[in-house]
Number of protein chains: 2
Amino acid sequence: MYSDKYWEKEEIMPLKEIEELQMKRLRFTLKNAYENVPFYHRKFREAGIKPEDIKKREDMAKVPLTVKEDLRENYPFGLFAVDKKEIIRIHTSSGTSGKPKVVGYTRDDLENWINMVARCLYMVGIRDHDVFQNMVSYTFFTGGLGFHYAAERIGAMVVPSGTGQTEKQIQYMFDFGTTVIHATPSYAMHIKEVAEGMGIDPREIGLRIGCFGAEPWSDNTRKRLEDAYDIKAYDSYGLSEMNGPGVAFECEEQYGLHIWADHYFIEIIDPETLEPVSDGEKGELVLTPLTKQALPLIRYRTGDITYILDEGKCSCGRTHPRIHRILGRSDDMVVIRGINVFPSQIEDVLMRIPEVGDHFQVLITRNGSLDEITVRVEMVDEVFTGELSDFQRIQQKVQRELYKELNLRTNVELVEKGTIERFKLKSKRVIDMRDNL
Amino acid sequence: MYSDKYWEKEEIMPLKEIEELQMKRLRFTLKNAYENVPFYHRKFREAGIKPEDIKKREDMAKVPLTVKEDLRENYPFGLFAVDKKEIIRIHTSSGTSGKPKVVGYTRDDLENWINMVARCLYMVGIRDHDVFQNMVSYTFFTGGLGFHYAAERIGAMVVPSGTGQTEKQIQYMFDFGTTVIHATPSYAMHIKEVAEGMGIDPREIGLRIGCFGAEPWSDNTRKRLEDAYDIKAYDSYGLSEMNGPGVAFECEEQYGLHIWADHYFIEIIDPETLEPVSDGEKGELVLTPLTKQALPLIRYRTGDITYILDEGKCSCGRTHPRIHRILGRSDDMVVIRGINVFPSQIEDVLMRIPEVGDHFQVLITRNGSLDEITVRVEMVDEVFTGELSDFQRIQQKVQRELYKELNLRTNVELVEKGTIERFKLKSKRVIDMRDNL
């Protein structure tokens, strides 16, 4: 480690120096892609550009974007810039249909990745005396091994528990003195319910910190998680195409996620026009890795909607830019009667209503030519009196709050706790049935 | 790596030097246990010995044995010799009932372990150009992460696939050009069947090497696996109490498993009298780790039955002693009418009969005061003619062959392929119903 506070000295490098380093490393990445990946050689030639044409930040807008489908079409190793012999690990993300995306790592890539995740864990105060229970899937999912290696690097006692066997895991938390958990927010909510079912108050476990990622979650969900476990909850951001977790992470300020600008070149574009947005405007995050040897994806469309916070230097001392927590995915965005709706907006509204439980589902249907949106919401046990008037009051309240946020009339369906299916990995919250009609 | 042939130079250290090193390291382990683990301090005092009393190999017989239950009774960390802060990983093995065994690793322990498994993989010819598909469970099971880290250390392309989704895994083998698999023998047999069901001949995958472990398997099963996949199949031995895999492994000679004597002190005892057996005699393997900081288990009863091969130096050049592949577990051994029977003996007989398929099950019942043993055997499809005479001929053949090996009359029940339950992890082959009556 670099100091008591920072894992690596690059975390507090002056922004100007980071930007110089970015341009230097960008040349490496562009050259690596152009010279070693036929796909990029062809794309660059078609666009009439060469790596040396990119002299300043703004020049990047000329470079063609890369999308998920490019990875699928070049399955499995078509976008790798190095020989198979140099690759020491692959991960895959299966997606919903068709061929998976395959990503690969050289030994240096793996080292960089481990240190980036270690930066994040160290940033939120995880140290060698901590017991780190890694409650996500291992094997192909980058979240498992990504956090595992980094927590081990820091010297925490890693409990490689994976998902499932939730009751046993809760027992282990007590027995091993677990102080930090890593899980998806929906699995964390599930664990809480199972613990309560066992007669255990999750606050008694003795956790200090929760790292949550792999699906968008809101600030109001944070409040619920922090309250349920008596922890500080931090938002983790990453994607396997950019190594995995460790791309960006909240610091102890819990105000935006520091994105490691010495390893990633960051752009925000309009997902419709594909043009860069103005400073501080909302749009799709586009990333170019600056140090990846095996898989130098150029201007990769993450699909994630966010914006860069313009707040000057963070009081934690880190100089790397901060992004707002992910607002949704450009392909999760649903258009209802011409209005853009992100599931995260609905989540945020619901999680601040005390009568509403931790689980919900959004159903979209078509009634004639009119789109209808139904929000199915679990209530907390205490308000479930069975009184019709109570029921209607809560229903109207939820409807009203949703209207204020979305400017859209919704049907609200209240259901008992436990009605909505729980997911151990990413939750499936939006069911769009318009295509099925 | 040390050379083209050896991962570490210790592999070819003269035996005399290894033995000197063993005694030196043994003093460290005994001292570590005595001074830092109250459990051992008490046991040593009760036995009236001190670490410095152990001056030569034979003195070890005076030291008390450690058993599985000692780990359970000191759950979770009672036998750890270092502060929690020094531990960077734990694994657990759940066992069938009660508290799991918990094992822990310091950073040095992990380094040693990785290199021991890397020795094994390098020994059978796995190199950086290989694609290593790790088809065992990750998380708490030491087999997953143990092999993963070592294959990565060698520089092979590791495919962290875990178990399950077998059809997808077979597809990946083709697409990724997998050359090495690691699995339990029973899962490997299952994969073969699934491949055949997909119309794929597993020999076409292009595998070179299979590493199989975590359950006892026989030489005739080896022949079947090698034939099914057109590979060389190697036996892997380890247990989480001794780090995990990497304790012993076959070399390319496929004649006994080299056991890393610079890291483990090796004894064979009679499981009944607990006395050391004569040289080359069969008995229970007892191990004392020589370099483990976190968990210095002293004279740990592995429960595994084997013997030390006395064949002089191996032609592979390695000087470390060889043990015979595990014959069974002392607690798997079933006593039928006064005769000791190991499931591995039955497996070995069955797997050399061509009409017999890859799966079987042993049922033990009591008829009055008489134990009965029934061997339920799947036939290969081709011999399943439906002719009663065929049936009886095969049945009698199996019965005869079993009698020759076991000196015991068995009931043989022939069943169709697919009748017996498949296991992705360790198979459950013996069902002893005598206690249930």
# chains A, B, ... in the order shown; residues from 1 in each chain; ligands from 1
$ select_by_dssp --residues "region 25-122 of chain B" --states "alpha helix (DSSP H)" --output "number ranges by chain"
B: 25-36, 38-47, 68-73, 107-122
$ write_last_selection --atoms "N, CA and C atoms" --output "compact mmCIF listing (two decimals), in the first residue's frame"
# COMPACT_ATOMS: atom_id res chain seq x y z
N ARG B 25 12.34 -28.59 9.35
CA ARG B 25 11.03 -27.94 9.28
C ARG B 25 10.06 -28.51 10.31
N LEU B 26 10.22 -29.78 10.61
CA LEU B 26 9.35 -30.40 11.61
C LEU B 26 9.50 -29.67 12.94
N ARG B 27 10.74 -29.29 13.26
CA ARG B 27 10.96 -28.55 14.51
C ARG B 27 10.18 -27.24 14.51
N PHE B 28 10.16 -26.57 13.34
CA PHE B 28 9.36 -25.34 13.24
C PHE B 28 7.89 -25.62 13.51
N THR B 29 7.36 -26.66 12.86
CA THR B 29 5.93 -26.96 12.99
C THR B 29 5.56 -27.33 14.42
N LEU B 30 6.38 -28.18 15.03
CA LEU B 30 6.08 -28.62 16.40
C LEU B 30 6.12 -27.45 17.36
N LYS B 31 7.11 -26.60 17.16
CA LYS B 31 7.27 -25.41 18.01
C LYS B 31 6.08 -24.45 17.80
N ASN B 32 5.73 -24.27 16.54
CA ASN B 32 4.61 -23.38 16.20
C ASN B 32 3.33 -23.87 16.88
N ALA B 33 3.09 -25.18 16.81
CA ALA B 33 1.88 -25.74 17.41
C ALA B 33 1.93 -25.63 18.93
N TYR B 34 3.04 -26.01 19.50
CA TYR B 34 3.20 -26.03 20.96
C TYR B 34 3.08 -24.64 21.57
N GLU B 35 3.71 -23.68 20.90
CA GLU B 35 3.75 -22.33 21.49
C GLU B 35 2.52 -21.48 21.17
N ASN B 36 1.87 -21.76 20.04
CA ASN B 36 0.82 -20.85 19.59
C ASN B 36 -0.59 -21.44 19.55
N PRO B 38 -3.08 -23.45 21.99
CA PRO B 38 -3.29 -24.01 23.33
C PRO B 38 -3.68 -25.49 23.31
N PHE B 39 -4.47 -25.87 22.32
CA PHE B 39 -4.88 -27.27 22.18
C PHE B 39 -3.66 -28.20 22.14
N TYR B 40 -2.66 -27.82 21.34
CA TYR B 40 -1.46 -28.65 21.23
C TYR B 40 -0.57 -28.55 22.47
N HIS B 41 -0.51 -27.38 23.04
CA HIS B 41 0.26 -27.21 24.27
C HIS B 41 -0.22 -28.21 25.31
N ARG B 42 -1.52 -28.28 25.46
CA ARG B 42 -2.13 -29.18 26.43
C ARG B 42 -1.86 -30.64 26.05
N LYS B 43 -2.08 -30.96 24.77
CA LYS B 43 -1.88 -32.35 24.34
C LYS B 43 -0.43 -32.81 24.54
N PHE B 44 0.49 -31.94 24.21
CA PHE B 44 1.91 -32.28 24.37
C PHE B 44 2.24 -32.49 25.85
N ARG B 45 1.73 -31.60 26.67
CA ARG B 45 1.99 -31.73 28.11
C ARG B 45 1.40 -33.03 28.66
N GLU B 46 0.16 -33.32 28.23
CA GLU B 46 -0.47 -34.56 28.68
C GLU B 46 0.34 -35.78 28.27
N ALA B 47 0.94 -35.71 27.08
CA ALA B 47 1.74 -36.83 26.58
C ALA B 47 3.16 -36.80 27.16
N LYS B 68 -10.01 -35.40 12.62
CA LYS B 68 -11.07 -34.52 12.10
C LYS B 68 -11.86 -33.85 13.21
N GLU B 69 -12.26 -34.63 14.20
CA GLU B 69 -13.13 -34.11 15.26
C GLU B 69 -12.44 -32.98 16.04
N ASP B 70 -11.11 -33.03 16.10
CA ASP B 70 -10.39 -31.95 16.78
C ASP B 70 -10.65 -30.60 16.09
N LEU B 71 -10.72 -30.64 14.76
CA LEU B 71 -11.02 -29.42 14.01
C LEU B 71 -12.44 -28.96 14.31
N ARG B 72 -13.37 -29.91 14.30
CA ARG B 72 -14.78 -29.55 14.54
C ARG B 72 -14.96 -28.99 15.95
N GLU B 73 -14.29 -29.64 16.92
CA GLU B 73 -14.47 -29.20 18.31
C GLU B 73 -13.83 -27.85 18.57
N ARG B 107 -0.36 -15.49 4.01
CA ARG B 107 0.11 -15.21 2.65
C ARG B 107 1.20 -16.22 2.23
N ASP B 108 2.09 -16.56 3.15
CA ASP B 108 3.12 -17.55 2.81
C ASP B 108 2.52 -18.94 2.56
N ASP B 109 1.53 -19.29 3.37
CA ASP B 109 0.85 -20.58 3.16
C ASP B 109 0.28 -20.66 1.75
N LEU B 110 -0.38 -19.56 1.36
CA LEU B 110 -1.02 -19.53 0.04
C LEU B 110 0.04 -19.67 -1.05
N GLU B 111 1.15 -18.94 -0.90
CA GLU B 111 2.24 -19.03 -1.88
C GLU B 111 2.77 -20.45 -1.99
N ASN B 112 3.01 -21.07 -0.85
CA ASN B 112 3.50 -22.46 -0.86
C ASN B 112 2.51 -23.38 -1.54
N TRP B 113 1.25 -23.18 -1.21
CA TRP B 113 0.20 -24.05 -1.77
C TRP B 113 0.14 -23.89 -3.30
N ILE B 114 0.10 -22.65 -3.75
CA ILE B 114 0.05 -22.41 -5.20
C ILE B 114 1.22 -23.12 -5.89
N ASN B 115 2.39 -23.00 -5.33
CA ASN B 115 3.55 -23.61 -5.97
C ASN B 115 3.53 -25.14 -5.91
N MET B 116 2.95 -25.69 -4.85
CA MET B 116 2.84 -27.15 -4.80
C MET B 116 1.90 -27.66 -5.89
N VAL B 117 0.76 -26.98 -6.07
CA VAL B 117 -0.16 -27.42 -7.12
C VAL B 117 0.47 -27.15 -8.50
N ALA B 118 1.18 -26.03 -8.62
CA ALA B 118 1.85 -25.73 -9.89
C ALA B 118 2.88 -26.82 -10.23
N ARG B 119 3.62 -27.30 -9.23
CA ARG B 119 4.53 -28.44 -9.44
C ARG B 119 3.80 -29.60 -10.11
N CYS B 120 2.62 -29.91 -9.57
CA CYS B 120 1.85 -31.06 -10.06
C CYS B 120 1.43 -30.85 -11.51
N LEU B 121 0.92 -29.69 -11.81
CA LEU B 121 0.42 -29.43 -13.17
C LEU B 121 1.58 -29.40 -14.16
N TYR B 122 2.67 -28.80 -13.75
CA TYR B 122 3.85 -28.72 -14.61
C TYR B 122 4.42 -30.13 -14.83
$ residues_around --residues "region 53-56 of chain B" --least-positions-apart "5" --cutoff "10 Å" --atoms "only C-alpha atoms" --output "mmCIF file with C-alpha atoms, in the first residue's frame"
data_model
loop_
_atom_site.group_PDB
_atom_site.id
_atom_site.type_symbol
_atom_site.label_atom_id
_atom_site.label_comp_id
_atom_site.auth_asym_id
_atom_site.auth_seq_id
_atom_site.Cartn_x
_atom_site.Cartn_y
_atom_site.Cartn_z
ATOM 1 C CA GLU B 20 17.246 -33.372 6.589
ATOM 2 C CA MET B 23 13.544 -32.711 10.342
ATOM 3 C CA LYS B 24 14.489 -29.039 10.325
ATOM 4 C CA LEU B 26 9.352 -30.401 11.608
ATOM 5 C CA ARG B 27 10.962 -28.553 14.508
ATOM 6 C CA LEU B 30 6.078 -28.620 16.397
ATOM 7 C CA GLY B 48 4.763 -35.635 28.525
ATOM 8 C CA ALA B 61 5.389 -42.005 17.016
ATOM 9 C CA LYS B 62 5.371 -40.546 20.551
ATOM 10 C CA VAL B 63 3.451 -37.460 19.453
#
$ residues_around --residues "Asp262 (chain A)" --least-positions-apart "5" --cutoff "7 Å" --atoms "only C-alpha atoms" --output "number ranges by chain"
A: 18, 21-22
$ write_last_selection --atoms "C-alpha atoms" --output "PDB file, in the first residue's frame"
ATOM      1  CA  ILE A  18      -3.562  12.059 -14.919  1.00  0.00           C
ATOM      2  CA  LEU A  21      -0.870  10.027 -18.582  1.00  0.00           C
ATOM      3  CA  GLN A  22      -4.215   9.295 -20.221  1.00  0.00           C
TER       4      GLN A  22
END
$ closest_residue --among "B:Leu309, B:Ile373, B:Val430, B:Ile90" --to "Pro321 (chain B)" --atoms "only C-alpha atoms"
B:Leu309
$ closest_atom_pairs --of "chain B" --to "chain A" --cutoff "8 Å" --atoms "only C-alpha atoms" --output "JSON lines"
{"residue": "B:Pro76", "atom": "CA", "partner": "A:Asp175", "partner_atom": "CA", "distance": 6.8}
{"residue": "B:Lys84", "atom": "CA", "partner": "A:His129", "partner_atom": "CA", "distance": 7.0}
{"residue": "B:Lys85", "atom": "CA", "partner": "A:His129", "partner_atom": "CA", "distance": 4.6}
{"residue": "B:Glu86", "atom": "CA", "partner": "A:Gly155", "partner_atom": "CA", "distance": 7.3}
{"residue": "B:Ile87", "atom": "CA", "partner": "A:Met157", "partner_atom": "CA", "distance": 5.4}
{"residue": "B:Ile88", "atom": "CA", "partner": "A:Met157", "partner_atom": "CA", "distance": 4.1}
{"residue": "B:Arg89", "atom": "CA", "partner": "A:Val158", "partner_atom": "CA", "distance": 4.5}
{"residue": "B:Ile90", "atom": "CA", "partner": "A:Val159", "partner_atom": "CA", "distance": 5.7}
{"residue": "B:His91", "atom": "CA", "partner": "A:Val159", "partner_atom": "CA", "distance": 7.1}
{"residue": "B:Arg107", "atom": "CA", "partner": "A:Gly155", "partner_atom": "CA", "distance": 7.9}
{"residue": "B:Asp128", "atom": "CA", "partner": "A:Lys85", "partner_atom": "CA", "distance": 5.7}
{"residue": "B:His129", "atom": "CA", "partner": "A:Lys85", "partner_atom": "CA", "distance": 4.6}
{"residue": "B:Asp130", "atom": "CA", "partner": "A:Lys85", "partner_atom": "CA", "distance": 7.5}
{"residue": "B:Tyr138", "atom": "CA", "partner": "A:Tyr138", "partner_atom": "CA", "distance": 6.4}
{"residue": "B:Thr139", "atom": "CA", "partner": "A:Pro160", "partner_atom": "CA", "distance": 4.8}
{"residue": "B:Phe140", "atom": "CA", "partner": "A:Pro160", "partner_atom": "CA", "distance": 5.8}
{"residue": "B:Glu152", "atom": "CA", "partner": "A:Ile88", "partner_atom": "CA", "distance": 5.4}
{"residue": "B:Gly155", "atom": "CA", "partner": "A:Ile88", "partner_atom": "CA", "distance": 5.2}
{"residue": "B:Ala156", "atom": "CA", "partner": "A:Ile88", "partner_atom": "CA", "distance": 5.4}
{"residue": "B:Met157", "atom": "CA", "partner": "A:Ile88", "partner_atom": "CA", "distance": 4.1}
{"residue": "B:Val158", "atom": "CA", "partner": "A:Arg89", "partner_atom": "CA", "distance": 4.6}
{"residue": "B:Val159", "atom": "CA", "partner": "A:Ile90", "partner_atom": "CA", "distance": 5.7}
{"residue": "B:Pro160", "atom": "CA", "partner": "A:Thr139", "partner_atom": "CA", "distance": 4.8}
{"residue": "B:Ser161", "atom": "CA", "partner": "A:Thr139", "partner_atom": "CA", "distance": 5.3}
{"residue": "B:Gly162", "atom": "CA", "partner": "A:Thr139", "partner_atom": "CA", "distance": 5.7}
{"residue": "B:Asp175", "atom": "CA", "partner": "A:Pro76", "partner_atom": "CA", "distance": 6.9}
{"residue": "B:Phe176", "atom": "CA", "partner": "A:Pro76", "partner_atom": "CA", "distance": 7.0}
$ select_by_dssp --residues "region 27-149 of chain A" --states "strand (DSSP E or B)" --output "PyMOL selection string"
chain A and resi 66+87-93+101-106+131-134
$ residues_around --residues "Leu327 (chain B)" --least-positions-apart "2" --cutoff "10 Å" --atoms "only C-alpha atoms" --output "list in words"
Pro216, Trp217, Ser218, Lys282, Gly283, Glu284, Asp304, Ile305, Thr306, Tyr307, His324, Arg325, Arg329, Ser330, Met333, Phe342, Pro343, Ser344 and Gln345 of chain B
$ residues_around --residues "Leu363 (chain A)" --least-positions-apart "5" --cutoff "9 Å" --atoms "only C-alpha atoms" --output "number ranges by chain"
A: 372-376, 429-433
$ write_last_selection --atoms "N, CA, C and O atoms" --output "compact mmCIF listing (two decimals), in the first residue's frame"
# COMPACT_ATOMS: atom_id res chain seq x y z
N GLU A 372 -49.45 0.60 -20.94
CA GLU A 372 -49.83 0.68 -19.54
C GLU A 372 -48.67 0.21 -18.69
O GLU A 372 -47.99 -0.75 -19.02
N ILE A 373 -48.47 0.89 -17.58
CA ILE A 373 -47.40 0.48 -16.67
C ILE A 373 -48.00 0.15 -15.31
O ILE A 373 -48.76 0.93 -14.75
N THR A 374 -47.69 -1.07 -14.87
CA THR A 374 -48.19 -1.52 -13.57
C THR A 374 -47.01 -1.76 -12.65
O THR A 374 -46.07 -2.46 -13.03
N VAL A 375 -47.05 -1.14 -11.50
CA VAL A 375 -45.98 -1.34 -10.53
C VAL A 375 -46.53 -2.21 -9.40
O VAL A 375 -47.48 -1.83 -8.71
N ARG A 376 -45.95 -3.41 -9.30
CA ARG A 376 -46.39 -4.35 -8.26
C ARG A 376 -45.43 -4.20 -7.07
O ARG A 376 -44.21 -4.33 -7.23
N ARG A 429 -36.42 -6.84 -12.86
CA ARG A 429 -37.46 -5.99 -12.29
C ARG A 429 -38.48 -5.49 -13.29
O ARG A 429 -39.57 -5.10 -12.91
N VAL A 430 -38.10 -5.48 -14.56
CA VAL A 430 -39.04 -4.97 -15.56
C VAL A 430 -39.46 -6.11 -16.47
O VAL A 430 -38.62 -6.81 -17.02
N ILE A 431 -40.75 -6.31 -16.58
CA ILE A 431 -41.25 -7.32 -17.51
C ILE A 431 -42.07 -6.58 -18.57
O ILE A 431 -43.14 -6.03 -18.29
N ASP A 432 -41.49 -6.52 -19.75
CA ASP A 432 -42.14 -5.77 -20.83
C ASP A 432 -42.89 -6.78 -21.69
O ASP A 432 -42.29 -7.60 -22.37
N MET A 433 -44.20 -6.74 -21.63
CA MET A 433 -45.00 -7.73 -22.34
C MET A 433 -45.58 -7.18 -23.64
O MET A 433 -46.41 -7.83 -24.26
$ atom_distance --atom1 "CA of Lys5 (chain A)" --atom2 "CA of Ile209 (chain A)"
16.5 Å
$ residues_around --residues "Lys428 (chain B)" --least-positions-apart "4" --cutoff "12 Å" --atoms "only C-alpha atoms" --output "ChimeraX atom specification"
/B:96,186,215-216,332,343,359-363,420-424,432
$ atom_distance --atom1 "CA of Tyr6 (chain B)" --atom2 "CA of Val180 (chain B)"
18.7 Å
